[in-house]
>>> print(open('coords.cif').read())   # mmCIF, C-alpha atoms
data_target
loop_
_atom_site.label_atom_id
_atom_site.label_comp_id
_atom_site.auth_asym_id
_atom_site.auth_seq_id
_atom_site.Cartn_x
_atom_site.Cartn_y
_atom_site.Cartn_z
CA MET A 17 -17.55 0.84 7.16
CA ALA A 18 -15.30 1.06 4.10
CA THR A 19 -15.18 -2.68 3.38
CA ASN A 20 -15.38 -2.28 -0.38
CA ILE A 21 -13.04 0.37 -1.72
CA GLY A 22 -12.69 0.90 -5.46
CA ILE A 23 -9.23 0.57 -7.01
CA MET A 24 -9.28 4.27 -7.96
CA ASP A 25 -10.14 5.37 -4.41
CA SER A 26 -7.75 7.86 -2.81
CA ALA A 27 -6.87 5.16 -0.27
CA TYR A 28 -4.68 3.48 -2.88
CA PHE A 29 -2.61 6.62 -3.43
CA VAL A 30 -1.27 6.72 0.14
CA GLY A 31 2.52 6.42 0.01
CA ARG A 32 4.72 3.72 1.47
CA ASN A 33 6.31 6.04 4.04
CA GLU A 34 2.93 7.17 5.33
CA ILE A 35 1.78 3.56 5.70
CA LEU A 36 4.96 2.57 7.55
CA GLY A 37 4.66 5.63 9.80
CA TRP A 38 1.06 4.72 10.58
CA ILE A 39 2.04 1.16 11.54
CA ASN A 40 5.12 2.10 13.57
CA ASP A 41 3.31 4.86 15.46
CA ARG A 42 0.29 2.80 16.39
CA LEU A 43 1.98 -0.52 17.16
CA HIS A 44 5.29 0.82 18.52
CA LEU A 45 7.29 -0.99 15.84
CA ASN A 46 10.23 -0.02 13.69
CA LEU A 47 9.40 -1.37 10.24
CA SER A 48 11.44 0.09 7.39
CA ARG A 49 10.03 -1.92 4.48
CA ILE A 50 6.54 -2.92 3.44
CA GLU A 51 7.66 -6.52 2.97
CA GLU A 52 8.24 -6.81 6.72
CA ALA A 53 4.46 -6.88 7.17
CA ALA A 54 3.96 -9.78 4.74
CA SER A 55 3.46 -12.32 7.54
CA GLY A 56 0.03 -10.89 8.37
CA ALA A 57 0.85 -10.44 12.06
CA VAL A 58 0.86 -6.64 11.84
CA GLN A 59 -2.51 -6.67 10.09
CA CYS A 60 -3.96 -8.90 12.80
CA GLN A 61 -2.79 -6.54 15.53
CA MET A 62 -4.21 -3.53 13.69
CA MET A 63 -7.58 -5.28 13.75
CA ASP A 64 -7.02 -6.11 17.42
CA MET A 65 -6.51 -2.43 18.16
CA THR A 66 -9.54 -1.40 16.12
CA PHE A 67 -11.83 -4.15 17.45
CA PRO A 68 -10.60 -5.03 20.99
CA GLY A 69 -11.22 -8.64 21.98
CA VAL A 70 -12.10 -9.89 18.50
CA VAL A 71 -8.64 -11.11 17.44
CA PRO A 72 -7.25 -14.19 19.26
CA MET A 73 -3.75 -12.73 19.62
CA HIS A 74 -2.40 -15.97 21.11
CA LYS A 75 -2.78 -17.50 17.65
CA VAL A 76 -0.83 -14.74 15.89
CA ASN A 77 2.80 -15.60 15.16
CA PHE A 78 4.99 -12.51 14.94
CA ASP A 79 8.03 -14.70 14.29
CA ALA A 80 6.53 -16.23 11.14
CA LYS A 81 9.16 -16.61 8.41
CA ASN A 82 7.92 -19.52 6.29
CA GLU A 83 4.84 -19.33 4.10
CA TYR A 84 2.95 -21.99 6.03
CA GLU A 85 3.44 -19.96 9.24
CA MET A 86 2.26 -16.78 7.52
CA ILE A 87 -0.79 -18.58 6.14
CA GLN A 88 -1.82 -19.40 9.72
CA ASN A 89 -1.82 -15.68 10.53
CA TYR A 90 -4.02 -14.94 7.53
CA LYS A 91 -6.37 -17.71 8.65
CA VAL A 92 -6.77 -15.80 11.91
CA MET A 93 -7.38 -12.65 9.86
CA GLN A 94 -10.01 -14.42 7.78
CA GLU A 95 -11.79 -15.64 10.92
CA VAL A 96 -11.90 -12.04 12.15
CA PHE A 97 -13.25 -10.86 8.80
CA THR A 98 -15.96 -13.52 8.99
CA LYS A 99 -16.94 -12.46 12.52
CA LEU A 100 -17.17 -8.82 11.49
CA LYS A 101 -18.86 -9.66 8.16
CA ILE A 102 -16.10 -7.97 6.18
CA THR A 103 -16.28 -8.99 2.53
CA LYS A 104 -12.76 -7.91 1.56
CA PRO A 105 -11.06 -10.92 -0.15
CA LEU A 106 -7.71 -11.98 1.26
CA GLU A 107 -5.29 -12.86 -1.54
CA VAL A 108 -3.07 -14.91 0.76
CA ASN A 109 -1.05 -16.56 -2.02
CA LYS A 110 0.10 -13.13 -3.19
CA LEU A 111 0.61 -11.55 0.23
CA VAL A 112 2.88 -14.28 1.62
CA LYS A 113 5.25 -13.85 -1.34
CA GLY A 114 6.28 -10.52 0.17
CA ARG A 115 5.96 -8.47 -3.02
CA PRO A 116 5.89 -4.77 -2.03
CA LEU A 117 3.00 -3.73 -4.26
CA ASP A 118 0.60 -6.52 -3.19
CA ASN A 119 1.28 -5.88 0.49
CA LEU A 120 1.15 -2.10 0.06
CA GLU A 121 -2.29 -2.30 -1.54
CA PHE A 122 -3.65 -4.42 1.29
CA LEU A 123 -2.17 -2.11 3.93
CA GLN A 124 -3.62 0.90 2.08
CA TRP A 125 -7.03 -0.73 2.27
CA LEU A 126 -6.49 -1.63 5.94
CA LYS A 127 -5.57 1.94 6.84
CA ARG A 128 -8.66 3.30 5.11
CA PHE A 129 -10.84 0.68 6.84
CA CYS A 130 -9.40 1.33 10.32
CA ASP A 131 -9.69 5.09 9.80
CA SER A 132 -13.38 4.61 9.00
CA ILE A 133 -13.99 3.11 12.47
CA ASN A 134 -14.60 5.77 15.13
CA GLY A 135 -13.10 8.34 12.81
CA GLY A 136 -9.70 6.64 13.05
CA ILE A 137 -9.33 7.68 16.71
CA MET A 138 -6.66 5.56 18.37
CA ASN A 139 -7.62 3.50 21.43
CA GLU A 140 -5.61 5.24 24.17
CA ASN A 141 -5.94 2.26 26.52
CA TYR A 142 -4.42 -0.13 24.00
CA ASN A 143 -0.88 -1.27 24.78
CA PRO A 144 0.50 -2.88 21.58
CA VAL A 145 3.67 -4.21 23.19
CA GLU A 146 1.75 -5.80 26.04
CA ARG A 147 -0.78 -7.33 23.64
CA ARG A 148 2.03 -8.94 21.64
CA SER A 149 3.56 -10.29 24.85
CA ARG A 150 0.27 -11.67 26.14
CA GLY A 151 -0.32 -13.35 22.82
CA GLY A 152 2.48 -15.80 23.58
CA LYS A 153 6.24 -15.60 23.96
CA GLU A 154 8.12 -12.31 23.66
CA LYS A 155 8.01 -11.39 20.00
CA SER A 156 11.02 -10.67 17.82
CA VAL A 157 9.49 -7.40 16.61
CA LYS A 158 10.66 -5.89 19.89
CA GLY A 159 14.18 -7.20 19.39
CA SER A 160 15.54 -4.03 17.83
CA SER A 161 14.67 -1.94 20.87
CA LYS A 162 16.08 -4.58 23.22
CA VAL A 163 19.36 -4.71 21.32
CA SER A 164 19.56 -0.93 21.35
CA LYS A 165 19.05 -0.81 25.12
CA SER A 166 21.64 -3.54 25.75
CA MET A 167 24.18 -1.71 23.58
CA GLN A 168 23.57 1.48 25.53
CA THR A 169 24.09 -0.40 28.79
CA ASN A 170 27.34 -1.96 27.57
CA ASN A 171 28.63 1.40 26.39
CA MET A 172 27.97 2.89 29.84
CA HIS A 173 30.21 0.25 31.43
CA GLN A 174 33.05 0.55 28.92
CA PRO A 175 36.13 2.47 30.14
CA PRO A 176 36.87 5.80 28.48
CA PRO A 177 39.43 5.72 25.64
CA VAL A 178 43.08 6.24 26.66
CA ALA A 179 44.73 9.31 25.18
CA THR A 180 47.77 8.57 22.99
CA SER A 181 50.49 10.61 21.42
CA ASN A 182 50.09 12.24 18.02
CA LYS A 183 52.53 9.83 16.41
CA THR A 184 50.53 6.82 17.51
CA PHE A 185 47.20 8.47 16.76
CA GLY A 186 47.97 9.59 13.21
CA PRO A 187 47.46 6.32 11.26
CA LYS A 188 44.46 5.36 13.38
CA GLN A 189 42.88 8.72 12.75
CA ALA A 190 43.28 8.28 9.01
CA LYS A 191 41.76 4.84 9.29
CA SER A 192 38.80 6.16 11.26
CA HIS A 193 38.17 8.75 8.57
CA ALA A 194 38.17 6.01 5.98
CA VAL A 195 35.66 4.03 8.00
CA GLY A 196 33.54 7.14 8.43
CA GLY A 197 33.58 7.71 4.69
CA GLY A 198 32.48 4.12 4.17
CA SER A 199 29.58 4.62 6.56
CA ASN A 200 28.48 7.71 4.68
CA SER A 201 28.65 5.84 1.40
CA SER A 202 26.62 3.02 2.87
CA ALA A 203 23.98 5.46 4.11
CA GLU A 204 23.82 7.10 0.68
CA VAL A 205 23.40 3.72 -1.01
CA GLN A 206 20.64 2.81 1.42
CA ALA A 207 18.87 6.14 0.82
CA LEU A 208 19.10 5.71 -2.94
CA SER A 209 17.81 2.14 -2.65
CA LYS A 210 14.78 3.34 -0.73
CA GLU A 211 14.21 6.11 -3.26
CA LEU A 212 14.42 3.56 -6.08
CA GLU A 213 11.94 1.33 -4.27
CA ASP A 214 9.53 4.26 -3.88
CA LEU A 215 9.84 5.02 -7.60
CA LYS A 216 9.13 1.40 -8.48
CA VAL A 217 5.99 1.45 -6.33
CA SER A 218 4.89 4.71 -7.97
CA VAL A 219 5.46 3.24 -11.43
CA ASP A 220 3.47 0.14 -10.49
CA LEU A 221 0.58 2.30 -9.29
CA LEU A 222 0.67 4.42 -12.45
CA GLU A 223 0.71 1.31 -14.62
CA LYS A 224 -2.23 -0.05 -12.71
CA GLU A 225 -4.13 3.21 -13.22
CA ARG A 226 -3.27 3.14 -16.94
CA ASP A 227 -4.47 -0.45 -17.27
CA PHE A 228 -7.69 0.45 -15.45
CA TYR A 229 -8.58 3.21 -17.92
CA PHE A 230 -7.42 1.16 -20.90
CA SER A 231 -9.74 -1.68 -19.89
CA LYS A 232 -12.63 0.80 -19.73
CA LEU A 233 -11.86 2.06 -23.24
CA ARG A 234 -11.57 -1.51 -24.48
CA ASP A 235 -15.02 -2.29 -23.03
CA VAL A 236 -16.46 0.72 -24.85
CA GLU A 237 -14.80 -0.40 -28.08
CA ILE A 238 -16.21 -3.92 -27.79
CA LEU A 239 -19.66 -2.47 -27.13
CA CYS A 240 -19.39 -0.24 -30.20
CA GLN A 241 -18.46 -3.25 -32.33
CA THR A 242 -21.81 -4.93 -31.63
CA PRO A 243 -23.41 -5.44 -35.09
CA GLU A 244 -26.81 -4.22 -33.95
CA LEU A 245 -25.33 -0.92 -32.75
CA ASP A 246 -22.72 -0.38 -35.44
CA ASP A 247 -24.70 2.13 -37.51
CA LEU A 248 -26.16 4.17 -34.68
CA PRO A 249 -25.08 7.85 -34.85
CA ILE A 250 -23.84 7.90 -31.27
CA VAL A 251 -21.73 4.77 -31.88
CA VAL A 252 -20.22 6.30 -35.02
CA ALA A 253 -19.37 9.45 -33.06
CA VAL A 254 -17.76 7.46 -30.24
CA LYS A 255 -15.67 5.50 -32.75
CA LYS A 256 -14.35 8.74 -34.21
CA ILE A 257 -13.03 9.64 -30.76
CA LEU A 258 -11.65 6.16 -30.08
CA TYR A 259 -9.85 5.84 -33.41
CA ALA A 260 -8.61 9.44 -33.75
CA ALA A 261 -5.04 9.23 -35.10
CA ASP A 262 -3.86 12.71 -34.12
CA ALA A 263 -2.95 12.75 -30.44
CA ASN A 264 -2.49 16.53 -30.40
CA GLU A 265 -6.04 17.41 -31.40
CA SER A 266 -9.32 16.42 -29.80
CA ALA A 267 -11.75 14.51 -32.02
CA LEU A 268 -14.70 15.73 -29.97
CA GLU A 269 -15.71 18.49 -32.40
CA GLU A 270 -15.65 16.14 -35.36
CA ALA A 271 -17.70 13.58 -33.43
CA GLN A 272 -20.24 16.24 -32.43
CA GLU A 273 -20.52 17.43 -36.03
CA CYS A 274 -21.05 13.87 -37.25
CA LEU A 275 -23.70 13.31 -34.61
CA SER A 276 -25.48 16.58 -35.40
CA GLN A 277 -25.65 15.74 -39.10
CA SER A 278 -27.08 12.31 -38.35
CA LEU A 279 -29.68 13.68 -35.95
CA GLY A 280 -30.43 16.83 -37.96
CA LEU A 281 -29.28 19.13 -35.17
CA GLY A 282 -27.00 22.13 -35.16
CA ALA A 283 -23.53 21.75 -33.66
CA GLU A 284 -24.40 24.27 -30.93
CA GLU A 285 -27.47 22.28 -29.94
CA VAL A 286 -25.44 19.08 -29.68
CA GLU A 287 -22.80 20.82 -27.58
CA GLN A 288 -25.45 22.32 -25.31
CA GLU A 289 -27.05 18.91 -24.95
CA ALA A 290 -23.69 17.40 -24.03
CA GLU A 291 -23.05 20.12 -21.42
CA THR A 292 -26.52 19.56 -19.95
CA GLN A 293 -25.88 15.84 -19.56
CA THR A 294 -22.53 16.43 -17.85
#
>>> encode(input="coords.cif", output="structure tokens")
Amino acid sequence: MATNIGIMDSAYFVGRNEILGWINDRLHLNLSRIEEAASGAVQCQMMDMTFPGVVPMHKVNFDAKNEYEMIQNYKVMQEVFTKLKITKPLEVNKLVKGRPLDNLEFLQWLKRFCDSINGGIMNENYNPVERRSRGGKEKSVKGSSKVSKSMQTNNMHQPPPVATSNKTFGPKQAKSHAVGGGSNSSAEVQALSKELEDLKVSVDLLEKERDFYFSKLRDVEILCQTPELDDLPIVVAVKKILYAADANESALEEAQECLSQSLGLGAEEVEQEAETQT
């Protein structure tokens, strides 16, 4: 099972829309933002689907709004992790804040983990709506579908609109066009907001990747600064690469030449040795 997934694993490059689609499809929900899963209830039910009977769904609160209520859901999640001997740490203090990146990373891990069980094959006998209902009272996550159905019912019983003359209809028609234009503008704003949110998440992921590689280079630099290693030919060669000032040219050739002179080897021999090691 993929309990420990490195930060550079492909799992952490799965997009927000794919994660939301995965959740909505499997649990019959209609989430539109990652933050809506911050309560931990969705994560608990994903584990319930993957490991039937392990999650005490009656303890999961899908109506959780306050942090202390969300923490209770993550306590249930931690109990499940303990039962299954999953070593993934739960950073509850971060998750309950509802920050998109923190919750996205955890959901990315969860998707990869669930996909690693039985090849990610969905349990066909699992009824997510029924499981939420059996867990306690009817959950608010189903509210959107209920409201939609009630609106459809009301519309069926409404009388058809009465036809009016052109004189009476003119101003109203202009007004309806104005309202329609406002709706389009609102939809465009919403679409742009989602696009901006996606870009922010992408930037956060790129910054995280940059910081990851920078930390590796910093570790190498600290190692090269060890007094006992400072004069070693390989350390001198590595420093030439680390401290190269020209970003347009690779310092590899200069480092190889320096290393060959120190070791009494030809440049071709050093290059061949490097290719052999890689």
>>> atom_distance(input="coords.cif", atom1="atom CA of A:Arg147", atom2="atom CA of A:Asp64")
8.9 Å
>>> atom_distance(input="coords.cif", atom1="atom CA of A:Lys255", atom2="atom CA of A:Gln241")
9.2 Å
>>> closest_residue(input="coords.cif", among="A:Ile50, A:Val71, A:Val236, A:Leu208", to="A:Val96", atoms="all atoms listed in the file")
A:Val71
>>> residues_around(input="coords.cif", residues="stretch 30-45 of chain A", least_positions_apart="6", cutoff="8 Å", atoms="all atoms listed in the file", output="CSV table (one decimal) with C-alpha atoms, in the coordinates of the input")
chain,number,residue,atom,x,y,z
A,58,VAL,CA,0.9,-6.6,11.8
A,61,GLN,CA,-2.8,-6.5,15.5
A,62,MET,CA,-4.2,-3.5,13.7
A,120,LEU,CA,1.2,-2.1,0.1
A,123,LEU,CA,-2.2,-2.1,3.9
A,124,GLN,CA,-3.6,0.9,2.1
A,127,LYS,CA,-5.6,1.9,6.8
A,138,MET,CA,-6.7,5.6,18.4
A,144,PRO,CA,0.5,-2.9,21.6
A,145,VAL,CA,3.7,-4.2,23.2
A,157,VAL,CA,9.5,-7.4,16.6
A,158,LYS,CA,10.7,-5.9,19.9
A,214,ASP,CA,9.5,4.3,-3.9
>>> residues_near_point(input="coords.cif", point="(-5.3, -16.7, 17.6)", cutoff="12 Å", atoms="all atoms listed in the file", output="PyMOL selection string")
chain A and resi 57+60-61+64+69-78+88-96+148+150-152
>>> closest_residue(input="coords.cif", among="A:Glu211, A:Ile238, A:Glu273, A:Ser218", to="A:Ala253", atoms="all atoms listed in the file")
A:Glu273
>>> resolve_selection(input="coords.cif", expression="the PyMOL selection byres ((chain A and resi 51) around 7)", output="list in words")
Arg49, Ile50, Glu52, Ala53, Ala54, Gly114, Arg115, Pro116 and Asn119 of chain A
>>> write_last_selection(input="coords.cif", atoms="C-alpha atoms", output="PDB file, in the coordinates of the input")
ATOM      1  CA  ARG A  49      10.030  -1.920   4.480  1.00  0.00           C
ATOM      2  CA  ILE A  50       6.540  -2.920   3.440  1.00  0.00           C
ATOM      3  CA  GLU A  52       8.240  -6.810   6.720  1.00  0.00           C
ATOM      4  CA  ALA A  53       4.460  -6.880   7.170  1.00  0.00           C
ATOM      5  CA  ALA A  54       3.960  -9.780   4.740  1.00  0.00           C
ATOM      6  CA  GLY A 114       6.280 -10.520   0.170  1.00  0.00           C
ATOM      7  CA  ARG A 115       5.960  -8.470  -3.020  1.00  0.00           C
ATOM      8  CA  PRO A 116       5.890  -4.770  -2.030  1.00  0.00           C
ATOM      9  CA  ASN A 119       1.280  -5.880   0.490  1.00  0.00           C
TER      10      ASN A 119
END
>>> axis_aligned_box(input="coords.cif", around="stretch 121-124 of chain A", padding_each_side="4 Å", output="JSON")
{"center_x": -2.9, "center_y": -1.8, "center_z": 1.2, "size_x": 9.5, "size_y": 13.3, "size_z": 13.5}
>>> resolve_selection(input="coords.cif", expression="the PyMOL selection byres ((chain A and resi 112) around 8)", output="PDB file with C-alpha atoms, in the frame of the given file")
ATOM      1  CA  ALA A  54       3.960  -9.780   4.740  1.00  0.00           C
ATOM      2  CA  SER A  55       3.460 -12.320   7.540  1.00  0.00           C
ATOM      3  CA  GLU A  83       4.840 -19.330   4.100  1.00  0.00           C
ATOM      4  CA  MET A  86       2.260 -16.780   7.520  1.00  0.00           C
ATOM      5  CA  ILE A  87      -0.790 -18.580   6.140  1.00  0.00           C
ATOM      6  CA  VAL A 108      -3.070 -14.910   0.760  1.00  0.00           C
ATOM      7  CA  ASN A 109      -1.050 -16.560  -2.020  1.00  0.00           C
ATOM      8  CA  LYS A 110       0.100 -13.130  -3.190  1.00  0.00           C
ATOM      9  CA  LEU A 111       0.610 -11.550   0.230  1.00  0.00           C
ATOM     10  CA  LYS A 113       5.250 -13.850  -1.340  1.00  0.00           C
ATOM     11  CA  GLY A 114       6.280 -10.520   0.170  1.00  0.00           C
TER      12      GLY A 114
END
>>> atom_distance(input="coords.cif", atom1="atom CA of A:Gln206", atom2="atom CA of A:Ala80")
25.6 Å
>>> closest_residue(input="coords.cif", among="A:Gly56, A:Leu233, A:Ser149, A:Asn134", to="A:Glu107", atoms="all atoms listed in the file")
A:Gly56
>>> resolve_selection(input="coords.cif", expression="the PyMOL selection byres ((chain A and resi 126) around 10)", output="VMD selection string")
chain A and resid 18 to 19 27 35 59 62 to 63 104 120 to 125 127 to 132
>>> write_last_selection(input="coords.cif", atoms="C-alpha atoms", output="PDB file, in the frame of the given file")
ATOM      1  CA  ALA A  18     -15.300   1.060   4.100  1.00  0.00           C
ATOM      2  CA  THR A  19     -15.180  -2.680   3.380  1.00  0.00           C
ATOM      3  CA  ALA A  27      -6.870   5.160  -0.270  1.00  0.00           C
ATOM      4  CA  ILE A  35       1.780   3.560   5.700  1.00  0.00           C
ATOM      5  CA  GLN A  59      -2.510  -6.670  10.090  1.00  0.00           C
ATOM      6  CA  MET A  62      -4.210  -3.530  13.690  1.00  0.00           C
ATOM      7  CA  MET A  63      -7.580  -5.280  13.750  1.00  0.00           C
ATOM      8  CA  LYS A 104     -12.760  -7.910   1.560  1.00  0.00           C
ATOM      9  CA  LEU A 120       1.150  -2.100   0.060  1.00  0.00           C
ATOM     10  CA  GLU A 121      -2.290  -2.300  -1.540  1.00  0.00           C
ATOM     11  CA  PHE A 122      -3.650  -4.420   1.290  1.00  0.00           C
ATOM     12  CA  LEU A 123      -2.170  -2.110   3.930  1.00  0.00           C
ATOM     13  CA  GLN A 124      -3.620   0.900   2.080  1.00  0.00           C
ATOM     14  CA  TRP A 125      -7.030  -0.730   2.270  1.00  0.00           C
ATOM     15  CA  LYS A 127      -5.570   1.940   6.840  1.00  0.00           C
ATOM     16  CA  ARG A 128      -8.660   3.300   5.110  1.00  0.00           C
ATOM     17  CA  PHE A 129     -10.840   0.680   6.840  1.00  0.00           C
ATOM     18  CA  CYS A 130      -9.400   1.330  10.320  1.00  0.00           C
ATOM     19  CA  ASP A 131      -9.690   5.090   9.800  1.00  0.00           C
ATOM     20  CA  SER A 132     -13.380   4.610   9.000  1.00  0.00           C
TER      21      SER A 132
END
>>> residues_around(input="coords.cif", residues="A:Val219", least_positions_apart="6", cutoff="12 Å", atoms="all atoms listed in the file", output="ChimeraX atom specification")
/A:29,117,212-213,225-226
>>> write_last_selection(input="coords.cif", atoms="C-alpha atoms", output="PDB file, keeping the file's coordinate frame")
ATOM      1  CA  PHE A  29      -2.610   6.620  -3.430  1.00  0.00           C
ATOM      2  CA  LEU A 117       3.000  -3.730  -4.260  1.00  0.00           C
ATOM      3  CA  LEU A 212      14.420   3.560  -6.080  1.00  0.00           C
ATOM      4  CA  GLU A 213      11.940   1.330  -4.270  1.00  0.00           C
ATOM      5  CA  GLU A 225      -4.130   3.210 -13.220  1.00  0.00           C
ATOM      6  CA  ARG A 226      -3.270   3.140 -16.940  1.00  0.00           C
TER       7      ARG A 226
END
>>> closest_residue(input="coords.cif", among="A:Lys256, A:Asp25, A:Ser209, A:Met65", to="A:Asn143", atoms="only C-alpha atoms")
A:Met65
>>> decode(input="coords.cif", residues="stretch 129-137 of chain A", atoms="all heavy atoms", output="mmCIF file, in the first residue's frame")
data_model
loop_
_atom_site.group_PDB
_atom_site.id
_atom_site.type_symbol
_atom_site.label_atom_id
_atom_site.label_comp_id
_atom_site.auth_asym_id
_atom_site.auth_seq_id
_atom_site.Cartn_x
_atom_site.Cartn_y
_atom_site.Cartn_z
ATOM 1 N N PHE A 129 -3.493 6.605 -2.425
ATOM 2 C CA PHE A 129 -3.604 5.480 -1.498
ATOM 3 C C PHE A 129 -4.792 4.591 -1.851
ATOM 4 O O PHE A 129 -4.666 3.366 -1.933
ATOM 5 C CB PHE A 129 -3.733 5.997 -0.067
ATOM 6 C CG PHE A 129 -3.977 4.912 0.943
ATOM 7 C CD1 PHE A 129 -2.937 4.087 1.352
ATOM 8 C CD2 PHE A 129 -5.232 4.705 1.467
ATOM 9 C CE1 PHE A 129 -3.155 3.074 2.273
ATOM 10 C CE2 PHE A 129 -5.461 3.696 2.389
ATOM 11 C CZ PHE A 129 -4.417 2.879 2.798
ATOM 12 N N CYS A 130 -5.962 5.216 -2.074
ATOM 13 C CA CYS A 130 -7.166 4.430 -2.399
ATOM 14 C C CYS A 130 -7.006 3.702 -3.729
ATOM 15 O O CYS A 130 -7.476 2.574 -3.884
ATOM 16 C CB CYS A 130 -8.392 5.347 -2.437
ATOM 17 S SG CYS A 130 -8.860 6.023 -0.814
ATOM 18 N N ASP A 131 -6.329 4.351 -4.682
ATOM 19 C CA ASP A 131 -6.108 3.715 -5.986
ATOM 20 C C ASP A 131 -5.168 2.514 -5.876
ATOM 21 O O ASP A 131 -5.171 1.633 -6.737
ATOM 22 C CB ASP A 131 -5.536 4.725 -6.982
ATOM 23 C CG ASP A 131 -6.585 5.732 -7.442
ATOM 24 O OD1 ASP A 131 -7.779 5.488 -7.199
ATOM 25 O OD2 ASP A 131 -6.203 6.765 -8.028
ATOM 26 N N SER A 132 -4.343 2.507 -4.814
ATOM 27 C CA SER A 132 -3.408 1.391 -4.636
ATOM 28 C C SER A 132 -4.082 0.157 -4.028
ATOM 29 O O SER A 132 -3.497 -0.916 -3.996
ATOM 30 C CB SER A 132 -2.237 1.826 -3.737
ATOM 31 O OG SER A 132 -2.660 2.004 -2.390
ATOM 32 N N ILE A 133 -5.317 0.316 -3.537
ATOM 33 C CA ILE A 133 -6.063 -0.799 -2.955
ATOM 34 C C ILE A 133 -6.953 -1.411 -4.031
ATOM 35 O O ILE A 133 -7.795 -0.734 -4.621
ATOM 36 C CB ILE A 133 -6.932 -0.321 -1.765
ATOM 37 C CG1 ILE A 133 -6.089 0.451 -0.760
ATOM 38 C CG2 ILE A 133 -7.617 -1.511 -1.108
ATOM 39 C CD1 ILE A 133 -4.944 -0.335 -0.155
ATOM 40 N N ASN A 134 -6.752 -2.667 -4.299
ATOM 41 C CA ASN A 134 -7.534 -3.389 -5.321
ATOM 42 C C ASN A 134 -7.471 -2.696 -6.677
ATOM 43 O O ASN A 134 -8.453 -2.702 -7.434
ATOM 44 C CB ASN A 134 -8.999 -3.532 -4.866
ATOM 45 C CG ASN A 134 -9.141 -4.347 -3.602
ATOM 46 O OD1 ASN A 134 -8.380 -5.288 -3.371
ATOM 47 N ND2 ASN A 134 -10.094 -3.981 -2.757
ATOM 48 N N GLY A 135 -6.344 -2.065 -6.951
ATOM 49 C CA GLY A 135 -6.189 -1.403 -8.238
ATOM 50 C C GLY A 135 -7.124 -0.230 -8.433
ATOM 51 O O GLY A 135 -7.371 0.209 -9.555
ATOM 52 N N GLY A 136 -7.650 0.329 -7.314
ATOM 53 C CA GLY A 136 -8.542 1.478 -7.410
ATOM 54 C C GLY A 136 -9.930 1.131 -7.901
ATOM 55 O O GLY A 136 -10.720 2.019 -8.246
ATOM 56 N N ILE A 137 -10.270 -0.171 -7.945
ATOM 57 C CA ILE A 137 -11.590 -0.595 -8.426
ATOM 58 C C ILE A 137 -12.654 -0.214 -7.404
ATOM 59 O O ILE A 137 -12.549 -0.529 -6.221
ATOM 60 C CB ILE A 137 -11.627 -2.114 -8.667
ATOM 61 C CG1 ILE A 137 -10.595 -2.487 -9.740
ATOM 62 C CG2 ILE A 137 -13.019 -2.565 -9.083
ATOM 63 C CD1 ILE A 137 -10.468 -3.975 -9.971
#
